[in-house]
file protein-v1.tsv (TSV, C-alpha atoms)
chain	number	residue	atom	x	y	z
A	13	ARG	CA	-8.05	-15.56	-5.13
A	14	LYS	CA	-5.63	-12.67	-4.64
A	15	GLU	CA	-3.96	-12.33	-1.27
A	16	VAL	CA	-5.08	-8.71	-0.99
A	17	GLU	CA	-8.24	-7.44	-2.69
A	18	GLN	CA	-9.60	-3.94	-2.89
A	19	ASP	CA	-12.75	-2.24	-4.10
A	20	PRO	CA	-12.02	-1.77	-7.79
A	21	GLY	CA	-13.45	1.75	-7.99
A	22	PRO	CA	-13.15	4.26	-9.46
A	23	PHE	CA	-14.78	6.48	-6.88
A	24	ASN	CA	-15.89	9.87	-8.15
A	25	VAL	CA	-17.06	12.16	-5.36
A	26	PRO	CA	-17.73	15.89	-4.92
A	27	GLU	CA	-15.59	18.02	-2.68
A	28	GLY	CA	-16.62	17.71	0.94
A	29	ALA	CA	-17.95	14.19	0.59
A	30	THR	CA	-17.05	11.29	2.84
A	31	VAL	CA	-15.73	8.22	1.09
A	32	ALA	CA	-14.67	4.81	2.37
A	33	PHE	CA	-12.49	2.10	0.85
A	34	ASN	CA	-12.33	-1.50	1.95
A	35	CYS	CA	-9.63	-4.08	1.55
A	36	THR	CA	-9.73	-7.79	2.37
A	37	TYR	CA	-6.80	-10.08	2.93
A	38	SER	CA	-6.68	-13.85	2.84
A	39	ASN	CA	-3.68	-14.72	5.01
A	40	SER	CA	-4.69	-14.77	8.66
A	41	ALA	CA	-1.00	-14.72	9.65
A	42	SER	CA	-0.73	-11.17	8.34
A	43	GLN	CA	0.62	-8.90	11.03
A	44	SER	CA	0.83	-5.31	9.85
A	45	PHE	CA	-1.33	-3.20	7.63
A	46	PHE	CA	-0.90	0.05	5.78
A	47	TRP	CA	-2.53	2.41	3.36
A	48	TYR	CA	-0.36	3.93	0.65
A	49	ARG	CA	-1.20	6.71	-1.73
A	50	GLN	CA	-0.05	6.86	-5.33
A	51	ASP	CA	-0.43	10.03	-7.37
A	52	CYS	CA	-0.57	9.85	-11.13
A	53	ARG	CA	2.83	8.92	-12.60
A	54	LYS	CA	4.43	8.93	-9.16
A	55	GLU	CA	5.66	6.22	-6.85
A	56	PRO	CA	3.51	4.98	-3.94
A	57	LYS	CA	4.08	6.60	-0.57
A	58	LEU	CA	2.93	5.65	2.90
A	59	LEU	CA	-0.29	7.39	3.92
A	60	MET	CA	-0.81	5.75	7.28
A	61	SER	CA	-0.35	2.56	9.23
A	62	VAL	CA	-3.41	0.71	10.46
A	63	TYR	CA	-3.50	-0.22	14.12
A	64	SER	CA	-5.68	-2.83	15.76
A	65	SER	CA	-7.55	-0.22	17.76
A	66	GLY	CA	-8.11	1.95	14.71
A	67	ASN	CA	-6.36	5.25	14.17
A	68	GLU	CA	-7.04	8.68	12.86
A	69	ASP	CA	-4.87	11.26	11.14
A	70	GLY	CA	-6.77	14.43	10.47
A	71	ARG	CA	-9.49	13.67	7.94
A	72	PHE	CA	-8.31	10.09	7.50
A	73	THR	CA	-9.42	7.16	9.65
A	74	ALA	CA	-8.12	3.63	9.28
A	75	GLN	CA	-9.66	0.56	10.86
A	76	LEU	CA	-8.76	-3.10	11.10
A	77	ASN	CA	-11.10	-6.02	11.59
A	78	ARG	CA	-8.99	-9.12	12.17
A	79	ALA	CA	-11.96	-11.44	12.62
A	80	SER	CA	-13.31	-10.60	9.16
A	81	GLN	CA	-9.85	-9.95	7.71
A	82	TYR	CA	-10.44	-6.53	6.28
A	83	ILE	CA	-9.15	-3.02	6.70
A	84	SER	CA	-10.81	0.22	5.76
A	85	LEU	CA	-9.90	3.81	5.03
A	86	LEU	CA	-12.36	6.63	5.58
A	87	ILE	CA	-11.76	10.08	4.15
A	88	ARG	CA	-13.92	12.89	5.48
A	89	ASP	CA	-14.44	16.29	3.89
A	90	SER	CA	-12.74	15.25	0.64
A	91	LYS	CA	-10.41	17.74	-1.02
A	92	LEU	CA	-9.44	17.99	-4.66
A	93	SER	CA	-5.91	17.09	-3.57
A	94	ASP	CA	-7.14	13.73	-2.25
A	95	SER	CA	-7.52	12.53	-5.84
A	96	ALA	CA	-5.13	9.60	-6.14
A	97	THR	CA	-4.97	5.82	-6.06
A	98	TYR	CA	-5.07	4.29	-2.59
A	99	LEU	CA	-3.23	1.02	-2.08
A	100	CYS	CA	-3.88	-1.43	0.70
A	101	VAL	CA	-0.74	-3.18	1.96
A	102	VAL	CA	-0.50	-6.25	4.14
A	103	TYR	CA	2.76	-7.29	5.76
A	104	ASN	CA	3.27	-10.92	6.75
A	105	THR	CA	5.87	-11.24	9.48
A	106	ASN	CA	6.38	-14.97	8.89
A	107	ALA	CA	7.18	-14.40	5.24
A	108	GLY	CA	8.84	-11.05	5.96
A	109	LYS	CA	7.11	-9.63	2.93
A	110	SER	CA	4.57	-6.95	2.04
A	111	THR	CA	1.78	-7.58	-0.44
A	112	PHE	CA	0.09	-4.70	-2.24
A	113	GLY	CA	-3.49	-4.55	-3.42
A	114	ASP	CA	-4.27	-3.28	-6.91
A	115	GLY	CA	-5.48	0.04	-5.56
A	116	THR	CA	-8.67	2.06	-5.61
A	117	THR	CA	-8.78	5.24	-7.63
A	118	LEU	CA	-10.44	8.29	-6.12
A	119	THR	CA	-11.33	11.41	-8.05
A	120	VAL	CA	-12.65	14.37	-6.09
A	121	LYS	CA	-14.48	16.87	-8.25
A	122	PRO	CA	-15.32	20.53	-7.58
B	231	GLY	CA	21.52	9.02	-0.82
B	232	ALA	CA	18.58	9.37	1.49
B	233	GLY	CA	16.05	7.50	-0.64
B	234	VAL	CA	15.74	4.60	-3.06
B	235	SER	CA	17.44	5.46	-6.32
B	236	GLN	CA	16.62	3.86	-9.66
B	237	SER	CA	18.36	4.23	-12.98
B	238	PRO	CA	17.77	4.97	-15.71
B	239	SER	CA	14.63	6.99	-15.13
B	240	ASN	CA	13.55	6.39	-18.72
B	241	LYS	CA	14.61	3.74	-21.21
B	242	VAL	CA	13.52	3.28	-24.79
B	243	THR	CA	14.68	0.07	-26.40
B	244	GLU	CA	14.04	-1.87	-29.53
B	245	LYS	CA	12.10	-5.08	-29.43
B	246	GLY	CA	14.44	-8.02	-28.94
B	247	LYS	CA	17.14	-6.11	-27.10
B	248	ASP	CA	18.17	-6.81	-23.52
B	249	VAL	CA	17.82	-4.15	-20.82
B	250	GLU	CA	19.19	-3.82	-17.33
B	251	LEU	CA	17.51	-1.73	-14.65
B	252	ARG	CA	19.26	-0.72	-11.48
B	253	CYS	CA	18.05	-0.09	-7.94
B	254	ASP	CA	20.02	1.37	-5.05
B	255	PRO	CA	18.08	0.74	-1.84
B	256	ILE	CA	18.22	2.80	1.31
B	257	SER	CA	21.34	1.93	3.25
B	258	GLY	CA	20.63	-0.72	5.88
B	259	HIS	CA	17.40	-1.93	4.30
B	260	THR	CA	17.61	-5.68	4.04
B	261	ALA	CA	14.42	-6.21	2.04
B	262	LEU	CA	14.13	-5.22	-1.61
B	263	TYR	CA	11.17	-5.58	-3.97
B	264	TRP	CA	10.72	-5.16	-7.70
B	265	TYR	CA	7.29	-4.37	-9.10
B	266	ARG	CA	5.94	-3.73	-12.57
B	267	GLN	CA	3.16	-1.25	-13.20
B	268	ARG	CA	1.54	-0.99	-16.58
B	269	LEU	CA	-0.30	2.19	-17.49
B	270	GLY	CA	-3.49	2.50	-15.46
B	271	GLN	CA	-2.90	-0.79	-13.68
B	272	GLY	CA	-1.94	-1.84	-10.15
B	273	LEU	CA	1.43	-2.98	-8.89
B	274	GLU	CA	2.50	-6.39	-10.15
B	275	PHE	CA	4.94	-8.14	-7.83
B	276	LEU	CA	8.02	-9.48	-9.58
B	277	ILE	CA	10.67	-10.53	-7.07
B	278	TYR	CA	11.64	-10.06	-3.42
B	279	PHE	CA	15.06	-10.21	-1.79
B	280	GLN	CA	15.56	-10.49	1.96
B	281	GLY	CA	19.12	-10.51	3.25
B	282	ASN	CA	20.93	-13.68	2.32
B	283	SER	CA	17.78	-15.76	1.96
B	284	ALA	CA	16.80	-17.26	-1.37
B	285	PRO	CA	14.80	-14.65	-3.28
B	286	ASP	CA	11.07	-15.04	-3.83
B	287	LYS	CA	10.88	-15.16	-7.63
B	288	SER	CA	7.25	-16.18	-7.80
B	289	GLY	CA	6.19	-13.02	-9.63
B	290	LEU	CA	8.61	-13.14	-12.54
B	291	PRO	CA	6.40	-13.45	-15.64
B	292	SER	CA	8.79	-15.47	-17.79
B	293	ASP	CA	12.34	-16.74	-17.98
B	294	ARG	CA	13.27	-13.59	-19.87
B	295	PHE	CA	13.16	-11.80	-16.53
B	296	SER	CA	15.87	-12.19	-13.91
B	297	ALA	CA	17.18	-10.17	-11.00
B	298	GLU	CA	20.22	-10.17	-8.82
B	299	ARG	CA	21.20	-8.53	-5.61
B	300	THR	CA	24.64	-8.47	-4.07
B	301	GLY	CA	24.34	-8.74	-0.32
B	302	GLU	CA	22.11	-5.97	0.96
B	303	SER	CA	23.05	-3.44	-1.67
B	304	VAL	CA	22.35	-2.76	-5.32
B	305	SER	CA	19.92	-4.86	-7.31
B	306	THR	CA	19.62	-5.22	-11.06
B	307	LEU	CA	16.59	-6.40	-12.98
B	308	THR	CA	17.38	-7.79	-16.42
B	309	ILE	CA	14.87	-8.32	-19.19
B	310	GLN	CA	16.15	-10.31	-22.13
B	311	ARG	CA	14.74	-10.16	-25.66
B	312	THR	CA	12.32	-7.40	-24.72
B	313	GLN	CA	8.77	-7.48	-26.06
B	314	GLN	CA	6.30	-4.64	-26.45
B	315	GLU	CA	4.22	-6.00	-23.56
B	316	ASP	CA	7.23	-5.38	-21.29
B	317	SER	CA	6.59	-1.65	-21.62
B	318	ALA	CA	5.77	-0.40	-18.13
B	319	VAL	CA	7.16	1.42	-15.12
B	320	TYR	CA	9.43	-0.79	-13.07
B	321	LEU	CA	9.42	0.19	-9.41
B	322	CYS	CA	11.87	-0.83	-6.74
B	323	ALA	CA	11.18	-0.59	-3.01
B	324	SER	CA	13.23	-1.32	0.07
B	325	SER	CA	12.39	-1.75	3.74
B	326	LEU	CA	13.69	-2.84	7.09
B	327	VAL	CA	12.42	-6.28	7.96
B	328	SER	CA	10.60	-5.83	11.21
B	329	THR	CA	7.00	-5.79	12.29
B	330	GLY	CA	5.36	-2.86	10.62
B	331	ALA	CA	8.07	-2.38	8.05
B	332	GLU	CA	7.36	0.55	5.73
B	333	ALA	CA	8.40	0.12	2.11
B	334	PHE	CA	10.06	3.10	0.44
B	335	PHE	CA	9.83	3.32	-3.33
B	336	GLY	CA	12.15	4.69	-5.93
B	337	GLN	CA	10.75	6.87	-8.67
B	338	GLY	CA	10.81	4.00	-11.11
B	339	THR	CA	12.21	3.29	-14.54
B	340	ARG	CA	9.82	3.90	-17.40
B	341	LEU	CA	10.58	1.28	-20.04
B	342	THR	CA	9.26	1.65	-23.56
B	343	VAL	CA	9.83	-1.14	-26.05
B	344	VAL	CA	9.39	-0.03	-29.65
call {"tool": "encode", "arguments": {"input": "protein-v1.tsv", "output": "structure tokens"}}
result
Amino acid sequence: RKEVEQDPGPFNVPEGATVAFNCTYSNSASQSFFWYRQDCRKEPKLLMSVYSSGNEDGRFTAQLNRASQYISLLIRDSKLSDSATYLCVVYNTNAGKSTFGDGTTLTVKP
Amino acid sequence: GAGVSQSPSNKVTEKGKDVELRCDPISGHTALYWYRQRLGQGLEFLIYFQGNSAPDKSGLPSDRFSAERTGESVSTLTIQRTQQEDSAVYLCASSLVSTGAEAFFGQGTRLTVV
């Protein structure tokens, strides 16, 4: 089993739709969580951190469920520019290392 | 520079040749990662350096792959006797090691083995 697993996708949604991605992690010692975005032929970049209480940044909401060991990303009112691959990242403080999921591809269509 | 720098940005090599890829991390970042990403695929972890600790080499796919890092500075990834399946983008990332460390990526080296 992979340490970090994501919905394989792809997700194809119309503009304005709400879409949610889930990510599960296997190491309960994991301490920090992030969502990264990777555009086609570009390097991944941080989208947002995920806090225990959940956090929101505009149309994006991230949530963490430690008991079930998953994190989620919700995108409301999807835009064409949201089309990208979204990577779930889990940081283990004990190991001092981040582990990336394989990513979920989102395509927003007009 | 302000970001992670990788060189070369593109490399075409003949099968069987050795290649060396370079990564300059952000100054002060003690952690450094190498990943491989094949076309249309996710990130494949290769190796992780953290300060003076022994590197985590668990992701290296074969003994043709090796990497070095001098202190907390430049890292080089070497692929010996390249094969066509080595063709991919090789990404380097660096971060501060602290709770909630964000990893910053370079733009990658696109390796094509012909």
call {"tool": "residues_around", "arguments": {"input": "protein-v1.tsv", "residues": "Tyr63 in chain A", "least_positions_apart": "4", "cutoff": "9 Å", "atoms": "only C-alpha atoms", "output": "MDAnalysis selection string"}}
result
chainID A and resid 44:46 67 74:76
call {"tool": "atom_distance", "arguments": {"input": "protein-v1.tsv", "atom1": "CA of Ala96 in chain A", "atom2": "CA of Ser305 in chain B"}}
result
28.9 Å
call {"tool": "residues_near_point", "arguments": {"input": "protein-v1.tsv", "point": "(-8.4, -10.2, -5.6)", "cutoff": "9 Å", "atoms": "all atoms listed in the file", "output": "tab-separated table (two decimals) with C-alpha atoms, in the coordinates of the input"}}
result
chain	number	residue	atom	x	y	z
A	13	ARG	CA	-8.05	-15.56	-5.13
A	14	LYS	CA	-5.63	-12.67	-4.64
A	15	GLU	CA	-3.96	-12.33	-1.27
A	16	VAL	CA	-5.08	-8.71	-0.99
A	17	GLU	CA	-8.24	-7.44	-2.69
A	18	GLN	CA	-9.60	-3.94	-2.89
A	36	THR	CA	-9.73	-7.79	2.37
A	37	TYR	CA	-6.80	-10.08	2.93
A	113	GLY	CA	-3.49	-4.55	-3.42
A	114	ASP	CA	-4.27	-3.28	-6.91
call {"tool": "residues_around", "arguments": {"input": "protein-v1.tsv", "residues": "Thr30 in chain A", "least_positions_apart": "5", "cutoff": "7 Å", "atoms": "all atoms listed in the file", "output": "PyMOL selection string"}}
result
chain A and resi 87-90
call {"tool": "interface_residues", "arguments": {"input": "protein-v1.tsv", "of": "chain A", "to": "chain B", "cutoff": "10 Å", "atoms": "all atoms listed in the file", "output": "MDAnalysis selection string"}}
result
chainID A and resid 43:46 48 52:58 60:63 97 99 101:117
call {"tool": "decode", "arguments": {"input": "protein-v1.tsv", "residues": "range 252-265 of chain B", "atoms": "N, CA and C atoms", "output": "JSON list (two decimals), in the first residue's frame"}}
result
[["chain", "number", "residue", "atom", "x", "y", "z"],
["B", 252, "ARG", "N", 22.10, 18.52, -12.27],
["B", 252, "ARG", "CA", 22.53, 19.35, -11.15],
["B", 252, "ARG", "C", 21.34, 20.09, -10.54],
["B", 253, "CYS", "N", 21.41, 20.26, -9.21],
["B", 253, "CYS", "CA", 20.38, 21.00, -8.50],
["B", 253, "CYS", "C", 21.03, 21.93, -7.49],
["B", 254, "ASP", "N", 20.68, 23.22, -7.59],
["B", 254, "ASP", "CA", 21.10, 24.21, -6.61],
["B", 254, "ASP", "C", 19.89, 24.56, -5.76],
["B", 255, "PRO", "N", 19.89, 24.15, -4.49],
["B", 255, "PRO", "CA", 18.71, 24.41, -3.66],
["B", 255, "PRO", "C", 18.68, 25.87, -3.20],
["B", 256, "ILE", "N", 17.59, 26.23, -2.58],
["B", 256, "ILE", "CA", 17.49, 27.55, -1.96],
["B", 256, "ILE", "C", 18.47, 27.61, -0.79],
["B", 257, "SER", "N", 19.18, 28.71, -0.69],
["B", 257, "SER", "CA", 20.17, 28.86, 0.36],
["B", 257, "SER", "C", 19.53, 28.68, 1.74],
["B", 258, "GLY", "N", 20.17, 27.85, 2.56],
["B", 258, "GLY", "CA", 19.65, 27.61, 3.90],
["B", 258, "GLY", "C", 18.72, 26.44, 4.03],
["B", 259, "HIS", "N", 18.28, 25.90, 2.90],
["B", 259, "HIS", "CA", 17.40, 24.73, 2.94],
["B", 259, "HIS", "C", 18.24, 23.47, 3.17],
["B", 260, "THR", "N", 17.93, 22.79, 4.27],
["B", 260, "THR", "CA", 18.74, 21.63, 4.61],
["B", 260, "THR", "C", 18.24, 20.36, 3.94],
["B", 261, "ALA", "N", 16.98, 20.34, 3.56],
["B", 261, "ALA", "CA", 16.41, 19.13, 2.95],
["B", 261, "ALA", "C", 16.38, 19.28, 1.43],
["B", 262, "LEU", "N", 16.72, 18.19, 0.74],
["B", 262, "LEU", "CA", 16.73, 18.20, -0.72],
["B", 262, "LEU", "C", 16.21, 16.87, -1.22],
["B", 263, "TYR", "N", 15.28, 16.94, -2.19],
["B", 263, "TYR", "CA", 14.64, 15.76, -2.77],
["B", 263, "TYR", "C", 14.92, 15.71, -4.27],
["B", 264, "TRP", "N", 15.02, 14.50, -4.77],
["B", 264, "TRP", "CA", 15.00, 14.26, -6.21],
["B", 264, "TRP", "C", 13.78, 13.38, -6.52],
["B", 265, "TYR", "N", 13.07, 13.78, -7.57],
["B", 265, "TYR", "CA", 11.93, 13.01, -8.05],
["B", 265, "TYR", "C", 12.07, 12.79, -9.55]]
